Amino acid sequence: MNSLSIVIPIRRCEPSLLVLLKSILRQEINFSVEVIVVLNSFEPSDFDVLKTELQVIQNELKVLDMKLIFLDRSGVNRARNAGLLAAAGSIVVFFDDDCELDSSNLLSMHALHHQAHPTLFGLGGVYKLNAEAGYFDRLYHYIQMRWLYEGLLYSEDTATRYLIGGHFSVKKVMTENYHIQFNDEVVYGGSELEFFLQAERQNLRVELSELAVIHHTNESFISLTRKLFKQGKGKAISEKRYADPSTQFRASQSVNKSKDLIGRLPVISKMLLGYYNYIFWLGYYHYRKQLPLFFRHVMQDIFLFKSKLSEQVERQKKIKEQRGDRF
Amino acid sequence: MKENHLTFSNAAETYQDLSELLRYLNISSIAHPSSDSQKSEFLLSANKFGQSVSRQLESIVNSNAKATGFIILRPIGVDILNDVVDKAKNVHYQIYILAHVLYDYRKVLAQLLSLGVPKNKIILILGRQQICTNELAAFEQVRLSEHNTKASLPKFEGSTLPYAFMHFLIFFLSPRPQNLSLGYVTYGHRIIDLFYFFSYVVRMCAFITFYRFRHLLLMIFYSFRHLLLMIFYRARHFLIFSSRKLWHYLWNFALYPVRKVFWFTHYQYRKRMRGELE
């Protein structure tokens with residue numbers, strides 16, 4: 001018999017948390033489920049207010065077995081570790097507080113798949129946008145999903161290198177046996193990467209499924225810039241221990257890699273994606289104190305673009321020469 | 001370019017009707033020449049945010065242990081549907097519905113939903129020109145790329161606009177010899193050319209997309225610029241001789257009221273200079 005623990009790290013009590021908890025109540029499940037809400041990154045003066053707000057929610061959803069954990073220090077990874085430690089279930093599912101479970105079979109799918117595959121370490125899913133998502137939400141969704149699908153190891157298999165932090169499940173026993181933990185050093189952004197890199201080192205299988213949760217975001221130009229800068233920093237932190245020799249050349253490659261899909265987007269979106277790509281790598285090299293490398297990548301990209309442009313012009317010229325001109 | 005493709009490969013024409021259906025829907029079906037291989041398989045390769053993901057699919061005609069999905073191409077019986085629903089309890093197993101006009105796929109969809117299949121388990125495979133209604137938008141979709149059609153072939157890269165525009169200009173700019181009188185046939189041809197131009201404009205307006213519209217504007221601008229440059233460089237006399245008569249009529253008759261205003265102001269000025277006007 002399975003038992004499931006859901007860990008939700010939160011920073012402050014937002015209405016989206018209630019939406020998530022209500023959607024968990026709507027799930028069709030045959031086993032016991034407990035929800036662990038871990039509060040972190042709050043000011044001491046707000047503590048009492050937050051506590052009463054959460055207790056109101058707890059009273060409202062009495063059917064749900066809900067635990068509250070209060071941490072005095074900030075950090076989403078700290079909260080996840082605390083949740084993992086407190087979890088009583090054999091399978092631990094991690095959700096972000098801005099998610100909503102759309103389909104009623106999601107949790108049972110996670111549990112049944114873990115039951116059927118005892119050697120499987122983690123199972124993750126994708127995000128889905130709601131109908132009212134804005135332009136920058138769509139951009140953020142695109143960036144996240146592109147990163148997620150880049151992790152796939154083979155095109156015909158579901159095995160992947162990493163999963164997205166807002167929607168995945170792991171077996172608790174395996175995290176204990178293999179000593180896998182979230183890195184407390186990362187406060188926010190790119191926080192889950194190192195967790196899966198540890199699993200990859202120990203040859204544990206992680207799978208990406210088509211299961212989806214709705215992701216309610218409210219992004220703007222500036223907030224997204226800030227977010228990607230932090231994510232770049234998070235990547236740099238996680239690569240301190242798990243270094244990857246090919247990292248140096250990724251900044252310019254990541255633009256070229258995704259050109260197949262970028263070709264279909266409007267020009268403004270392409271430019272914004274390029275901008276956010278640079279912001280990510282600026283965050284990365286800023287943390288590593290290697291800013292000259294960043295500027296080198298930017299210059300490389302510019303020269304690459306220039307050569308591509310000249311190629312295009314020459315092709316057009318050749319066509320015109322072959323065609324002949326009436327005048 | 002990574003695209004979405006569905007391919008059906010089977011041993012030499014084992015399922016002829018099925019491959020004919022797929023060929024009609026412009027989906028590639030490969031018939032292996034060797035008759036000993038009884039395998040037939042569906043392979044779906046889809047572009048997922050820049051990464052190509054390929055899935056082997058099962059259908060009524062083939063079953064595959066490695067398959068991670070079942071594809072429905074025609075209306076199928078309830079027994080088979082129940083089996084599929086059982087298999088779909090696996091996380092990675094999806095139900096694909098090929099949506100085409102030759103059967104009522106909405107009926108199949110309703111049937112699946114009534115059997116308790118959640119919406120996230122169903123994926124629709126749409127053709128290039130399949131219209132997606134609001135009711136279908138709730139399901140995940142894979143839109144197939146064009147395969148082996150005239151439209152997927154490399155196209156003529158330049159715009160046809162300057163050539164169409166030339167027909168318009170021929171009517172006004174082409175030189176008319178002074179001593180020779182042209183036959184009515186020539187004028188007929190020229191008028192036909194003019195109609196060709198107008199029909200071109202109508203066609204462009206009817207099937208215009210944003211990209212084409214922008215392209216059209218650019219090409220109009222460049223063709224005007226090109227014409228202006230070329231006219232003054234080589235064929236200036238074309239313009240002058242052909243439009244001499246036109247200019248005469250314009251200047252002396254059509255623009256007469258406009259010129260009158262300037263004459264009036266000019267006389268007023270002269271009167272003032274002479275002191276005739278206070």
# chains A, B, ... in the order shown; residues from 1 in each chain; ligands from 1
>>> residues_around(residues="range 87-100 of chain A", least_positions_apart="4", cutoff="7 Å", atoms="only C-alpha atoms", output="PyMOL selection string")
chain A and resi 2-10+16-17+19-20+23+83+166-173+213-217
>>> closest_atom_pairs(of="chain B", to="chain A", cutoff="8 Å", atoms="only C-alpha atoms", output="tab-separated table")
residue	atom	partner	partner_atom	distance
B:Met1	CA	A:Asp260	CA	5.6
B:Lys2	CA	A:Asp260	CA	6.3
B:Lys48	CA	A:Tyr149	CA	7.0
B:Phe49	CA	A:Arg146	CA	5.0
B:Gly50	CA	A:Leu261	CA	5.3
B:Gln51	CA	A:Tyr149	CA	6.2
B:Ser52	CA	A:Ser155	CA	6.1
B:Val53	CA	A:Ser155	CA	4.7
B:Ser54	CA	A:Glu156	CA	5.1
B:Arg55	CA	A:Glu156	CA	6.0
B:Lys89	CA	A:Met109	CA	7.5
B:Asn90	CA	A:His113	CA	7.0
B:Val91	CA	A:Met109	CA	6.1
B:His92	CA	A:Ser209	CA	5.9
B:Pro118	CA	A:Ser103	CA	6.6
B:Lys119	CA	A:Ser103	CA	7.2
B:Asn120	CA	A:Ser103	CA	6.9
B:Met230	CA	A:Phe327	CA	6.7
>>> select_by_dssp(residues="range 33-215 of chain A", states="helix (DSSP H, G or I)", output="number ranges by chain")
A: 44-60, 76-86, 106-116, 135-150, 172-177, 193-201
>>> residues_around(residues="Ile192 in chain B", least_positions_apart="3", cutoff="12 Å", atoms="only C-alpha atoms", output="PDB file with C-alpha atoms, in the first residue's frame")
ATOM      1  CA  ALA B 164       2.895  41.874 -62.421  1.00  0.00           C
ATOM      2  CA  HIS B 167       2.112  44.766 -67.049  1.00  0.00           C
ATOM      3  CA  PHE B 168       0.530  47.788 -65.465  1.00  0.00           C
ATOM      4  CA  ILE B 170       3.446  48.738 -70.098  1.00  0.00           C
ATOM      5  CA  PHE B 171       0.044  50.301 -70.689  1.00  0.00           C
ATOM      6  CA  VAL B 185      -4.842  43.887 -81.305  1.00  0.00           C
ATOM      7  CA  THR B 186      -1.846  45.457 -79.596  1.00  0.00           C
ATOM      8  CA  TYR B 187      -4.050  47.671 -77.490  1.00  0.00           C
ATOM      9  CA  GLY B 188      -6.132  44.620 -76.696  1.00  0.00           C
ATOM     10  CA  HIS B 189      -3.048  42.820 -75.462  1.00  0.00           C
ATOM     11  CA  PHE B 195      -6.334  43.261 -66.218  1.00  0.00           C
ATOM     12  CA  TYR B 196      -3.693  40.728 -65.320  1.00  0.00           C
ATOM     13  CA  PHE B 197      -2.167  43.255 -62.967  1.00  0.00           C
ATOM     14  CA  PHE B 198      -5.497  44.052 -61.336  1.00  0.00           C
ATOM     15  CA  SER B 199      -6.281  40.362 -60.913  1.00  0.00           C
TER      16      SER B 199
END
>>> atom_distance(atom1="CA of Phe8 in chain B", atom2="CA of Ser145 in chain B")
15.2 Å
>>> closest_residue(among="B:Asn26, B:Tyr163, B:Ser45, B:Leu18", to="Gln129 in chain B", atoms="only C-alpha atoms")
B:Asn26
>>> atom_distance(atom1="CA of Glu200 in chain A", atom2="CA of Arg161 in chain A")
6.6 Å
>>> select_by_dssp(residues="range 96-314 of chain A", states="strand (DSSP E or B)", output="number ranges by chain")
A: 99-101, 120-129, 152, 159-160, 167-171, 205-215
>>> write_last_selection(atoms="C-alpha atoms", output="PDB file, in the first residue's frame")
ATOM      1  CA  CYS A  99       0.605  25.251  -9.621  1.00  0.00           C
ATOM      2  CA  GLU A 100      -2.828  23.697  -9.967  1.00  0.00           C
ATOM      3  CA  LEU A 101      -3.619  20.049 -10.608  1.00  0.00           C
ATOM      4  CA  LEU A 120      12.905   4.311 -10.685  1.00  0.00           C
ATOM      5  CA  PHE A 121      14.186   7.294  -8.700  1.00  0.00           C
ATOM      6  CA  GLY A 122      12.147  10.225  -9.980  1.00  0.00           C
ATOM      7  CA  LEU A 123       9.176  10.937 -12.197  1.00  0.00           C
ATOM      8  CA  GLY A 124       8.396  14.415 -13.458  1.00  0.00           C
ATOM      9  CA  GLY A 125       5.928  16.181 -15.639  1.00  0.00           C
ATOM     10  CA  VAL A 126       5.485  19.347 -17.603  1.00  0.00           C
ATOM     11  CA  TYR A 127       3.782  22.672 -17.051  1.00  0.00           C
ATOM     12  CA  LYS A 128       0.675  23.836 -18.851  1.00  0.00           C
ATOM     13  CA  LEU A 129      -0.423  27.445 -19.216  1.00  0.00           C
ATOM     14  CA  LEU A 152      16.087  14.109 -22.560  1.00  0.00           C
ATOM     15  CA  ALA A 159      14.824   8.929 -19.486  1.00  0.00           C
ATOM     16  CA  THR A 160      16.090  12.392 -18.702  1.00  0.00           C
ATOM     17  CA  HIS A 167       6.269  19.103 -10.500  1.00  0.00           C
ATOM     18  CA  PHE A 168       8.124  15.873  -9.715  1.00  0.00           C
ATOM     19  CA  SER A 169       8.040  12.909  -7.378  1.00  0.00           C
ATOM     20  CA  VAL A 170      10.795  10.793  -5.830  1.00  0.00           C
ATOM     21  CA  LYS A 171      11.038   7.694  -3.648  1.00  0.00           C
ATOM     22  CA  ARG A 205      16.822   6.529 -13.573  1.00  0.00           C
ATOM     23  CA  VAL A 206      14.746   9.686 -13.847  1.00  0.00           C
ATOM     24  CA  GLU A 207      11.791   9.845 -16.239  1.00  0.00           C
ATOM     25  CA  LEU A 208       9.904  12.671 -17.858  1.00  0.00           C
ATOM     26  CA  SER A 209       6.219  12.041 -18.511  1.00  0.00           C
ATOM     27  CA  GLU A 210       3.519  13.992 -20.324  1.00  0.00           C
ATOM     28  CA  LEU A 211       1.584  14.610 -17.096  1.00  0.00           C
ATOM     29  CA  ALA A 212       0.848  18.301 -16.770  1.00  0.00           C
ATOM     30  CA  VAL A 213      -0.039  20.778 -14.060  1.00  0.00           C
ATOM     31  CA  ILE A 214      -1.311  24.289 -14.725  1.00  0.00           C
ATOM     32  CA  HIS A 215       1.290  26.925 -13.899  1.00  0.00           C
TER      33      HIS A 215
END
>>> atom_distance(atom1="CA of Phe294 in chain A", atom2="CA of Gly165 in chain A")
26.6 Å
